[in-house]
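Dumped structure.pdb below, it's PDB, C-alpha atoms:
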ATOM      1  CA  MET I   1      52.742  93.822 147.119
ATOM      2  CA  SER I   2      51.207  94.687 150.477
ATOM      3  CA  THR I   3      49.039  97.730 151.106
ATOM      4  CA  SER I   4      51.665  99.410 153.279
ATOM      5  CA  THR I   5      54.351  98.897 150.633
ATOM      6  CA  ARG I   6      52.104 100.418 147.941
ATOM      7  CA  SER I   7      51.366 103.357 150.238
ATOM      8  CA  VAL I   8      55.070 104.014 150.796
ATOM      9  CA  ALA I   9      55.753 103.790 147.059
ATOM     10  CA  ALA I  10      52.874 106.207 146.311
ATOM     11  CA  ARG I  11      54.190 108.742 148.846
ATOM     12  CA  ARG I  12      57.684 108.442 147.396
ATOM     13  CA  ASP I  13      56.340 109.027 143.868
ATOM     14  CA  ALA I  14      54.316 112.011 145.103
ATOM     15  CA  ARG I  15      57.390 113.573 146.720
ATOM     16  CA  ALA I  16      59.414 113.011 143.559
ATOM     17  CA  ALA I  17      56.670 114.606 141.450
ATOM     18  CA  LEU I  18      56.516 117.625 143.765
ATOM     19  CA  LEU I  19      60.281 117.956 143.610
ATOM     20  CA  PHE I  20      60.237 118.082 139.803
ATOM     21  CA  LEU I  21      57.247 120.446 139.745
ATOM     22  CA  ALA I  22      58.667 122.830 142.343
ATOM     23  CA  PRO I  23      60.855 124.891 139.937
ATOM     24  CA  ALA I  24      57.931 125.401 137.520
ATOM     25  CA  VAL I  25      55.534 126.278 140.334
ATOM     26  CA  LEU I  26      58.060 128.717 141.807
ATOM     27  CA  PHE I  27      58.600 130.327 138.403
ATOM     28  CA  LEU I  28      54.844 130.756 137.860
ATOM     29  CA  ALA I  29      54.373 132.113 141.353
ATOM     30  CA  VAL I  30      57.138 134.717 141.014
ATOM     31  CA  PHE I  31      56.667 135.782 137.393
ATOM     32  CA  VAL I  32      52.921 135.209 136.825
ATOM     33  CA  ALA I  33      50.873 135.000 140.012
ATOM     34  CA  TYR I  34      52.676 137.741 141.948
ATOM     35  CA  PRO I  35      52.622 140.319 139.100
ATOM     36  CA  LEU I  36      48.926 139.591 138.488
ATOM     37  CA  LEU I  37      48.119 140.026 142.167
ATOM     38  CA  THR I  38      50.182 143.223 142.323
ATOM     39  CA  ALA I  39      48.480 144.639 139.225
ATOM     40  CA  GLY I  40      45.086 143.808 140.683
ATOM     41  CA  VAL I  41      45.870 145.648 143.900
ATOM     42  CA  LEU I  42      47.513 148.569 142.081
ATOM     43  CA  SER I  43      44.427 149.024 139.876
ATOM     44  CA  PHE I  44      42.619 150.430 142.916
ATOM     45  CA  HIS I  45      45.291 153.097 143.455
ATOM     46  CA  SER I  46      46.525 156.287 141.839
ATOM     47  CA  TRP I  47      50.293 156.072 141.415
ATOM     48  CA  ASP I  48      52.852 157.701 139.165
ATOM     49  CA  GLY I  49      55.493 155.061 139.853
ATOM     50  CA  VAL I  50      57.484 157.232 142.255
ATOM     51  CA  SER I  51      55.370 158.990 144.876
ATOM     52  CA  PRO I  52      53.342 157.094 147.508
ATOM     53  CA  ARG I  53      50.258 155.281 146.279
ATOM     54  CA  GLN I  54      46.841 156.754 146.922
ATOM     55  CA  TRP I  55      43.792 154.525 147.343
ATOM     56  CA  THR I  56      41.077 155.486 144.851
ATOM     57  CA  GLY I  57      38.726 152.506 145.035
ATOM     58  CA  LEU I  58      36.804 151.942 141.797
ATOM     59  CA  THR I  59      37.717 155.325 140.307
ATOM     60  CA  ASN I  60      40.092 153.795 137.755
ATOM     61  CA  TYR I  61      37.449 151.296 136.628
ATOM     62  CA  GLU I  62      34.855 154.054 136.281
ATOM     63  CA  ARG I  63      37.331 155.985 134.172
ATOM     64  CA  LEU I  64      37.974 152.898 132.069
ATOM     65  CA  LEU I  65      34.284 152.468 131.253
ATOM     66  CA  GLY I  66      34.181 155.969 129.790
ATOM     67  CA  ASP I  67      37.605 155.885 128.141
ATOM     68  CA  ARG I  68      37.083 156.347 124.400
ATOM     69  CA  ILE I  69      40.692 155.456 123.555
ATOM     70  CA  PHE I  70      40.517 152.205 125.513
ATOM     71  CA  TRP I  71      37.351 151.058 123.728
ATOM     72  CA  GLY I  72      38.855 152.072 120.388
ATOM     73  CA  SER I  73      41.959 150.042 121.222
ATOM     74  CA  LEU I  74      39.831 147.076 122.208
ATOM     75  CA  ARG I  75      37.927 147.365 118.928
ATOM     76  CA  ASN I  76      41.238 147.184 117.080
ATOM     77  CA  ASN I  77      42.161 144.067 119.049
ATOM     78  CA  VAL I  78      38.876 142.460 118.008
ATOM     79  CA  LEU I  79      39.623 143.402 114.394
ATOM     80  CA  VAL I  80      43.083 141.850 114.682
ATOM     81  CA  ALA I  81      41.544 138.657 116.111
ATOM     82  CA  LEU I  82      38.911 138.378 113.370
ATOM     83  CA  THR I  83      41.454 138.841 110.570
ATOM     84  CA  ALA I  84      43.781 136.361 112.291
ATOM     85  CA  ILE I  85      41.034 133.723 112.335
ATOM     86  CA  LEU I  86      40.077 134.336 108.708
ATOM     87  CA  PHE I  87      43.553 134.756 107.235
ATOM     88  CA  GLN I  88      46.102 133.077 109.496
ATOM     89  CA  VAL I  89      43.948 130.091 110.460
ATOM     90  CA  GLY I  90      41.640 129.876 107.432
ATOM     91  CA  VAL I  91      44.080 130.662 104.635
ATOM     92  CA  GLY I  92      46.869 128.878 106.498
ATOM     93  CA  MET I  93      44.772 125.720 106.578
ATOM     94  CA  VAL I  94      44.053 125.937 102.834
ATOM     95  CA  ILE I  95      47.719 126.480 101.962
ATOM     96  CA  ALA I  96      48.772 123.607 104.241
ATOM     97  CA  TYR I  97      46.299 121.245 102.549
ATOM     98  CA  TRP I  98      47.534 122.416  99.145
ATOM     99  CA  LEU I  99      51.145 121.696 100.136
ATOM    100  CA  VAL I 100      50.389 118.258 101.592
ATOM    101  CA  ARG I 101      47.821 116.915  99.108
ATOM    102  CA  VAL I 102      48.276 118.852  95.840
ATOM    103  CA  VAL I 103      51.946 119.831  95.386
ATOM    104  CA  PRO I 104      53.933 117.869  97.987
ATOM    105  CA  ARG I 105      57.099 118.176  95.883
ATOM    106  CA  ILE I 106      57.544 121.858  96.730
ATOM    107  CA  LYS I 107      56.432 121.483 100.357
ATOM    108  CA  ARG I 108      59.894 121.790 101.884
ATOM    109  CA  PHE I 109      60.820 124.881  99.903
ATOM    110  CA  ALA I 110      57.436 126.519 100.524
ATOM    111  CA  MET I 111      57.619 125.767 104.239
ATOM    112  CA  PHE I 112      61.026 127.441 104.406
ATOM    113  CA  VAL I 113      59.657 130.554 102.681
ATOM    114  CA  TYR I 114      56.562 130.754 104.873
ATOM    115  CA  VAL I 115      58.350 130.102 108.169
ATOM    116  CA  VAL I 116      61.156 132.672 107.672
ATOM    117  CA  PRO I 117      59.066 135.622 108.998
ATOM    118  CA  VAL I 118      58.127 133.600 112.085
ATOM    119  CA  VAL I 119      61.745 133.160 113.188
ATOM    120  CA  ILE I 120      62.744 136.782 112.542
ATOM    121  CA  SER I 121      62.388 139.274 115.377
ATOM    122  CA  GLU I 122      59.140 141.247 115.289
ATOM    123  CA  ILE I 123      61.179 144.420 115.753
ATOM    124  CA  CYS I 124      63.151 143.702 112.570
ATOM    125  CA  ILE I 125      59.974 142.883 110.660
ATOM    126  CA  GLY I 126      58.372 146.117 111.827
ATOM    127  CA  LEU I 127      61.397 148.159 110.753
ATOM    128  CA  LEU I 128      61.477 146.478 107.332
ATOM    129  CA  TRP I 129      57.787 147.087 106.724
ATOM    130  CA  GLY I 130      58.192 150.646 107.930
ATOM    131  CA  PHE I 131      60.620 151.085 105.035
ATOM    132  CA  VAL I 132      58.123 149.482 102.621
ATOM    133  CA  TYR I 133      55.386 151.892 103.740
ATOM    134  CA  ASN I 134      57.607 154.993 103.852
ATOM    135  CA  PRO I 135      55.739 157.782 101.988
ATOM    136  CA  TYR I 136      58.888 159.311 100.439
ATOM    137  CA  PHE I 137      61.210 156.455  99.461
ATOM    138  CA  GLY I 138      59.197 153.368 100.384
ATOM    139  CA  LEU I 139      58.983 150.342  98.106
ATOM    140  CA  LEU I 140      55.187 150.380  97.928
ATOM    141  CA  ASN I 141      54.855 153.973  96.752
ATOM    142  CA  GLY I 142      57.859 153.480  94.486
ATOM    143  CA  PHE I 143      56.150 150.529  92.824
ATOM    144  CA  LEU I 144      52.884 152.446  92.411
ATOM    145  CA  ASN I 145      54.741 155.359  90.829
ATOM    146  CA  ALA I 146      56.627 153.013  88.517
ATOM    147  CA  VAL I 147      53.442 151.402  87.134
ATOM    148  CA  GLY I 148      51.607 154.693  86.675
ATOM    149  CA  LEU I 149      49.406 154.457  89.748
ATOM    150  CA  ASP I 150      51.009 157.383  91.537
ATOM    151  CA  GLU I 151      47.561 158.735  92.513
ATOM    152  CA  LEU I 152      47.272 155.776  94.894
ATOM    153  CA  ALA I 153      50.545 156.575  96.671
ATOM    154  CA  ARG I 154      50.144 157.964 100.172
ATOM    155  CA  GLY I 155      51.533 157.932 103.680
ATOM    156  CA  TRP I 156      50.156 154.521 104.523
ATOM    157  CA  LEU I 157      50.988 154.560 108.229
ATOM    158  CA  GLY I 158      50.218 158.266 108.667
ATOM    159  CA  ASP I 159      46.713 158.182 107.203
ATOM    160  CA  ARG I 160      43.905 157.214 109.580
ATOM    161  CA  SER I 161      42.023 155.457 106.773
ATOM    162  CA  THR I 162      44.929 153.186 105.785
ATOM    163  CA  ALA I 163      47.069 152.842 108.933
ATOM    164  CA  MET I 164      45.155 149.971 110.542
ATOM    165  CA  PRO I 165      44.724 147.977 107.298
ATOM    166  CA  ALA I 166      48.458 148.412 106.654
ATOM    167  CA  VAL I 167      49.270 147.084 110.129
ATOM    168  CA  LEU I 168      46.890 144.139 109.648
ATOM    169  CA  VAL I 169      48.645 143.179 106.421
ATOM    170  CA  VAL I 170      51.992 143.047 108.221
ATOM    171  CA  MET I 171      50.656 141.072 111.171
ATOM    172  CA  ASN I 172      48.869 138.455 109.080
ATOM    173  CA  LEU I 173      51.738 137.916 106.666
ATOM    174  CA  THR I 174      54.161 137.641 109.581
ATOM    175  CA  TYR I 175      52.277 134.932 111.481
ATOM    176  CA  LEU I 176      50.755 133.043 108.539
ATOM    177  CA  GLY I 177      53.736 130.697 108.328
ATOM    178  CA  LEU I 178      53.280 129.483 111.895
ATOM    179  CA  TYR I 179      49.741 128.276 111.198
ATOM    180  CA  ILE I 180      50.759 126.701 107.896
ATOM    181  CA  LEU I 181      53.425 124.758 109.781
ATOM    182  CA  LEU I 182      50.915 123.579 112.393
ATOM    183  CA  PHE I 183      48.349 122.482 109.813
ATOM    184  CA  VAL I 184      50.915 120.748 107.617
ATOM    185  CA  ALA I 185      51.832 118.603 110.614
ATOM    186  CA  ALA I 186      48.131 117.962 111.328
ATOM    187  CA  PHE I 187      47.245 116.958 107.755
ATOM    188  CA  GLU I 188      50.278 114.678 107.494
ATOM    189  CA  ASN I 189      49.018 112.757 110.544
ATOM    190  CA  VAL I 190      45.664 111.959 108.898
ATOM    191  CA  ASP I 191      45.438 108.285 107.917
ATOM    192  CA  GLU I 192      46.046 107.916 104.176
ATOM    193  CA  ALA I 193      43.281 105.293 104.031
ATOM    194  CA  VAL I 194      40.743 108.051 104.701
ATOM    195  CA  TYR I 195      41.897 109.936 101.614
ATOM    196  CA  ASP I 196      41.898 106.725  99.571
ATOM    197  CA  ALA I 197      38.281 106.099 100.542
ATOM    198  CA  ALA I 198      37.357 109.672  99.565
ATOM    199  CA  ALA I 199      39.085 109.249  96.195
ATOM    200  CA  ILE I 200      37.188 105.994  95.556
ATOM    201  CA  ASP I 201      33.937 107.857  96.249
ATOM    202  CA  GLY I 202      34.931 110.400  93.621
ATOM    203  CA  ALA I 203      35.570 113.313  95.961
ATOM    204  CA  GLY I 204      37.675 116.126  94.519
ATOM    205  CA  HIS I 205      40.010 118.367  96.475
ATOM    206  CA  TYR I 206      37.228 120.799  97.406
ATOM    207  CA  ARG I 207      35.001 118.066  98.832
ATOM    208  CA  THR I 208      37.935 116.244 100.431
ATOM    209  CA  PHE I 209      39.128 119.392 102.165
ATOM    210  CA  PHE I 210      35.793 120.319 103.752
ATOM    211  CA  SER I 211      34.340 116.833 104.322
ATOM    212  CA  VAL I 212      37.458 114.869 105.248
ATOM    213  CA  SER I 213      40.496 116.970 106.127
ATOM    214  CA  VAL I 214      38.880 119.685 108.243
ATOM    215  CA  PRO I 215      36.782 117.291 110.385
ATOM    216  CA  MET I 216      39.818 115.056 110.908
ATOM    217  CA  VAL I 217      41.910 117.943 112.265
ATOM    218  CA  TRP I 218      39.112 119.809 114.039
ATOM    219  CA  SER I 219      40.901 119.654 117.394
ATOM    220  CA  ASN I 220      43.839 121.403 115.723
ATOM    221  CA  VAL I 221      41.473 124.026 114.289
ATOM    222  CA  GLN I 222      40.157 124.694 117.796
ATOM    223  CA  ALA I 223      43.657 124.987 119.258
ATOM    224  CA  THR I 224      44.988 127.268 116.508
ATOM    225  CA  THR I 225      41.898 129.480 116.607
ATOM    226  CA  LEU I 226      42.295 129.895 120.352
ATOM    227  CA  LEU I 227      46.004 130.642 119.860
ATOM    228  CA  ALA I 228      45.195 133.266 117.214
ATOM    229  CA  VAL I 229      42.605 134.973 119.422
ATOM    230  CA  VAL I 230      44.768 135.061 122.549
ATOM    231  CA  SER I 231      47.799 136.259 120.565
ATOM    232  CA  SER I 232      45.697 138.990 118.942
ATOM    233  CA  PHE I 233      44.531 140.348 122.283
ATOM    234  CA  LYS I 234      48.078 140.677 123.596
ATOM    235  CA  THR I 235      49.800 141.893 120.424
ATOM    236  CA  PHE I 236      52.215 144.767 120.948
ATOM    237  CA  SER I 237      55.603 144.771 119.200
ATOM    238  CA  LEU I 238      54.598 145.142 115.551
ATOM    239  CA  VAL I 239      52.040 147.848 116.264
ATOM    240  CA  TYR I 240      54.424 149.809 118.452
ATOM    241  CA  VAL I 241      57.316 149.660 115.977
ATOM    242  CA  LEU I 242      55.143 150.549 112.973
ATOM    243  CA  THR I 243      52.925 153.314 114.356
ATOM    244  CA  ARG I 244      53.199 153.554 118.160
ATOM    245  CA  GLY I 245      49.404 153.531 118.091
ATOM    246  CA  GLY I 246      49.082 156.534 115.781
ATOM    247  CA  PRO I 247      47.969 158.484 113.963
ATOM    248  CA  SER I 248      45.705 159.901 116.701
ATOM    249  CA  ASN I 249      45.280 156.468 118.358
ATOM    250  CA  ALA I 250      43.898 154.987 115.106
ATOM    251  CA  THR I 251      46.056 151.852 115.421
ATOM    252  CA  ASP I 252      46.239 151.642 119.204
ATOM    253  CA  VAL I 253      45.668 148.192 120.674
ATOM    254  CA  VAL I 254      45.178 147.638 124.372
ATOM    255  CA  SER I 255      48.841 146.774 124.957
ATOM    256  CA  THR I 256      50.179 149.916 123.249
ATOM    257  CA  TYR I 257      47.660 152.086 125.104
ATOM    258  CA  LEU I 258      48.661 150.425 128.369
ATOM    259  CA  PHE I 259      52.341 151.071 127.625
ATOM    260  CA  GLN I 260      51.746 154.714 126.784
ATOM    261  CA  THR I 261      49.604 155.204 129.878
ATOM    262  CA  GLY I 262      52.085 153.602 132.249
ATOM    263  CA  PHE I 263      55.436 154.672 130.797
ATOM    264  CA  GLY I 264      54.456 157.751 128.798
ATOM    265  CA  ASN I 265      51.881 159.391 131.048
ATOM    266  CA  PHE I 266      53.268 157.872 134.282
ATOM    267  CA  GLU I 267      49.847 156.637 135.392
ATOM    268  CA  ALA I 268      50.876 153.256 136.762
ATOM    269  CA  GLY I 269      47.623 152.769 138.663
ATOM    270  CA  TYR I 270      45.408 153.323 135.643
ATOM    271  CA  ALA I 271      47.767 151.278 133.447
ATOM    272  CA  SER I 272      47.335 148.387 135.891
ATOM    273  CA  THR I 273      43.585 148.751 135.526
ATOM    274  CA  ILE I 274      43.924 148.525 131.746
ATOM    275  CA  GLY I 275      46.182 145.487 132.055
ATOM    276  CA  PHE I 276      43.880 143.721 134.498
ATOM    277  CA  ALA I 277      40.907 144.380 132.224
ATOM    278  CA  GLN I 278      42.922 143.066 129.271
ATOM    279  CA  ILE I 279      43.623 139.803 131.080
ATOM    280  CA  LEU I 280      39.973 139.297 132.005
ATOM    281  CA  LEU I 281      38.744 140.150 128.508
ATOM    282  CA  THR I 282      41.286 137.862 126.843
ATOM    283  CA  ALA I 283      40.305 134.955 129.090
ATOM    284  CA  ALA I 284      36.589 135.602 128.529
ATOM    285  CA  VAL I 285      36.944 135.830 124.739
ATOM    286  CA  GLY I 286      39.120 132.700 124.671
ATOM    287  CA  VAL I 287      36.555 130.694 126.650
ATOM    288  CA  PHE I 288      33.746 132.043 124.459
ATOM    289  CA  VAL I 289      35.507 131.134 121.189
ATOM    290  CA  LEU I 290      36.436 127.663 122.418
ATOM    291  CA  GLY I 291      32.898 126.999 123.660
ATOM    292  CA  LEU I 292      31.439 128.258 120.378
ATOM    293  CA  MET I 293      33.619 125.947 118.324
ATOM    294  CA  ARG I 294      32.821 122.962 120.529
ATOM    295  CA  ARG I 295      29.104 123.601 120.219
ATOM    296  CA  GLY I 296      29.507 123.910 116.469
ATOM    297  CA  LYS I 297      31.293 120.563 116.318
ATOM    298  CA  ARG I 298      28.586 118.880 118.402
ATOM    299  CA  GLY I 299      25.941 120.411 116.164
ATOM    300  CA  GLU I 300      27.602 118.933 113.080
ATOM    301  CA  ALA I 301      27.786 115.551 114.783
TER     302      ALA I 301
END

Just give me the structure as structure tokens.
Amino acid sequence: MSTSTRSVAARRDARAALLFLAPAVLFLAVFVAYPLLTAGVLSFHSWDGVSPRQWTGLTNYERLLGDRIFWGSLRNNVLVALTAILFQVGVGMVIAYWLVRVVPRIKRFAMFVYVVPVVISEICIGLLWGFVYNPYFGLLNGFLNAVGLDELARGWLGDRSTAMPAVLVVMNLTYLGLYILLFVAAFENVDEAVYDAAAIDGAGHYRTFFSVSVPMVWSNVQATTLLAVVSSFKTFSLVYVLTRGGPSNATDVVSTYLFQTGFGNFEAGYASTIGFAQILLTAAVGVFVLGLMRRGKRGEA
């Protein structure tokens, strides 16, 4: 094939590729890039969503630095991320190994049970758990009263000391099944010969899990950890349905505080500042976590 013919073929392939990519690029430009650019510009304005915008420069960012509720919300997001890494990723990985290597006979049934909460709407899950936590006729207080532990019964979502732990329980149980599903697929793709070699060396399940299984699926651990962190920093639905950020902002995350600021207080400019800061912080934390895990893997090597 001559050079000119190859050049024509390459240009034709490039045009075809651009044609197929155009819808995706257009979608990202309209629904991702444009809203981000608009939010960035709006963060420098004071606007109630109706009246004309007023340029305020860095005033919104100065306010953000001293906003106690914002930093409390961010702290809750960090707490959600840490528990997601420990419970959803860590415990999910252990359960997945147990299903694949220890009791494979019940794997299908267990997977069905674990995945059910993942496919149910977060709104429905929040409403159901709201009934469980109800201080008057909820299942949790009813159970405690039935077994003689009525002194432990309380308004779980209305008490500042228990509201956030109660929300964390719901969030982790809801998303655990997703990570079990991902790790089951990862462990099933590990070459059986590797496990046979470990068994010949006399390795038990504990040693096999940490010395064989985890290193073999480390790329999956990195991906799921990053997914858990990013999802934790943009969580909204469950928190809003369960507590709306209360009591007294005790369970506020950045997304619920942003929503209340923009649609409750009609401070669209400041809400854009919160949203823009949320995007930057989520990206920074994601890059940090991924870099930390990669350095840890190189250190082990």

Expressed in Å to a single decimal, how great is the separation between atom CA of I:Tyr240 and atom CA of I:Pro35?
22.8 Å

Within 10 Å of I:Val194 using only C-alpha atoms, minus same-chain residues under 4 positions, as number ranges by chain:
I: 190, 198-199, 208, 212-213, 216

Return the single residue from I:Leu227, I:Val253, I:Ile279, I:Val285 that is closest to I:Trp71, with distances computed using only C-alpha atoms.
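Residue with the minimum atom-to-atom distance to I:Trp71: I:Val253.
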
Rounded to one decimal place, report the atom CA of I:Gly177-atom CA of I:Tyr114 distance in Å.
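Computed distance, atom CA of I:Gly177 to atom CA of I:Tyr114, equals 4.5 Å.
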
Spell out the residues picked by the PyMOL selection byres ((chain I and resi 50-66) around 12) here, as a ChimeraX atom specification.
/I:40-49,67-74,254,257-258,262-263,266-278

Mind giving me the straight-line distance from atom CA of I:Ala81 to atom CA of I:Ser231 in Å, one decimal?
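Atom CA of I:Ser231 lies 8.0 Å from atom CA of I:Ala81.
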
Test item: residues at most 8 Å from I:Thr224, only C-alpha atoms, excluding those fewer than 4 positions along its chain, as an MDAnalysis selection string
chainID I and resid 89 179 220 228

Could you write out the selected residues, including C-alpha atoms, as a PDB file, in the frame of the given file?
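Result file out_9.pdb:
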ATOM      1  CA  VAL I  89      43.948 130.091 110.460  1.00  0.00           C
ATOM      2  CA  TYR I 179      49.741 128.276 111.198  1.00  0.00           C
ATOM      3  CA  ASN I 220      43.839 121.403 115.723  1.00  0.00           C
ATOM      4  CA  ALA I 228      45.195 133.266 117.214  1.00  0.00           C
TER       5      ALA I 228
END

Top pick for closest residue to I:Ala284, considering I:Val118, I:Val229, I:Val184, I:Ala22 and counting all atoms listed in the file
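Nearest to I:Ala284: I:Val229.
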
Could you list, as a VMD selection string, every residue matched by the PyMOL selection byres ((chain I and resi 83) around 12) in this structure?
chain I and resid 76 to 82 84 to 91 164 to 165 167 to 173 175 to 176 225 228 to 229 232

Identify all residues satisfying the PyMOL selection byres ((chain I and resi 244) around 12) in the given file; provide them as a PDB file with C-alpha atoms, in the coordinates of the input.
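Generated file (out_28.pdb):
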ATOM      1  CA  GLY I 126      58.372 146.117 111.827  1.00  0.00           C
ATOM      2  CA  GLY I 130      58.192 150.646 107.930  1.00  0.00           C
ATOM      3  CA  LEU I 157      50.988 154.560 108.229  1.00  0.00           C
ATOM      4  CA  GLY I 158      50.218 158.266 108.667  1.00  0.00           C
ATOM      5  CA  ALA I 163      47.069 152.842 108.933  1.00  0.00           C
ATOM      6  CA  MET I 164      45.155 149.971 110.542  1.00  0.00           C
ATOM      7  CA  VAL I 167      49.270 147.084 110.129  1.00  0.00           C
ATOM      8  CA  PHE I 236      52.215 144.767 120.948  1.00  0.00           C
ATOM      9  CA  SER I 237      55.603 144.771 119.200  1.00  0.00           C
ATOM     10  CA  LEU I 238      54.598 145.142 115.551  1.00  0.00           C
ATOM     11  CA  VAL I 239      52.040 147.848 116.264  1.00  0.00           C
ATOM     12  CA  TYR I 240      54.424 149.809 118.452  1.00  0.00           C
ATOM     13  CA  VAL I 241      57.316 149.660 115.977  1.00  0.00           C
ATOM     14  CA  LEU I 242      55.143 150.549 112.973  1.00  0.00           C
ATOM     15  CA  THR I 243      52.925 153.314 114.356  1.00  0.00           C
ATOM     16  CA  GLY I 245      49.404 153.531 118.091  1.00  0.00           C
ATOM     17  CA  GLY I 246      49.082 156.534 115.781  1.00  0.00           C
ATOM     18  CA  PRO I 247      47.969 158.484 113.963  1.00  0.00           C
ATOM     19  CA  SER I 248      45.705 159.901 116.701  1.00  0.00           C
ATOM     20  CA  ASN I 249      45.280 156.468 118.358  1.00  0.00           C
ATOM     21  CA  ALA I 250      43.898 154.987 115.106  1.00  0.00           C
ATOM     22  CA  THR I 251      46.056 151.852 115.421  1.00  0.00           C
ATOM     23  CA  ASP I 252      46.239 151.642 119.204  1.00  0.00           C
ATOM     24  CA  VAL I 253      45.668 148.192 120.674  1.00  0.00           C
ATOM     25  CA  VAL I 254      45.178 147.638 124.372  1.00  0.00           C
ATOM     26  CA  SER I 255      48.841 146.774 124.957  1.00  0.00           C
ATOM     27  CA  THR I 256      50.179 149.916 123.249  1.00  0.00           C
ATOM     28  CA  TYR I 257      47.660 152.086 125.104  1.00  0.00           C
ATOM     29  CA  LEU I 258      48.661 150.425 128.369  1.00  0.00           C
ATOM     30  CA  PHE I 259      52.341 151.071 127.625  1.00  0.00           C
ATOM     31  CA  GLN I 260      51.746 154.714 126.784  1.00  0.00           C
ATOM     32  CA  GLY I 264      54.456 157.751 128.798  1.00  0.00           C
TER      33      GLY I 264
END

Could you give me, as a ChimeraX atom specification, the residues within 12 Å of I:Trp98, counting only C-alpha atoms and dropping anything in the same chain fewer than 6 positions from it?
/I:91-92,104-107,110-111,180,183-184,187-188,205-206,208-209,213

In terms of all atoms listed in the file, the residue from I:Val287, I:Glu192, I:Leu36, I:Thr174 at minimal distance from I:Ser121 is I:Thr174
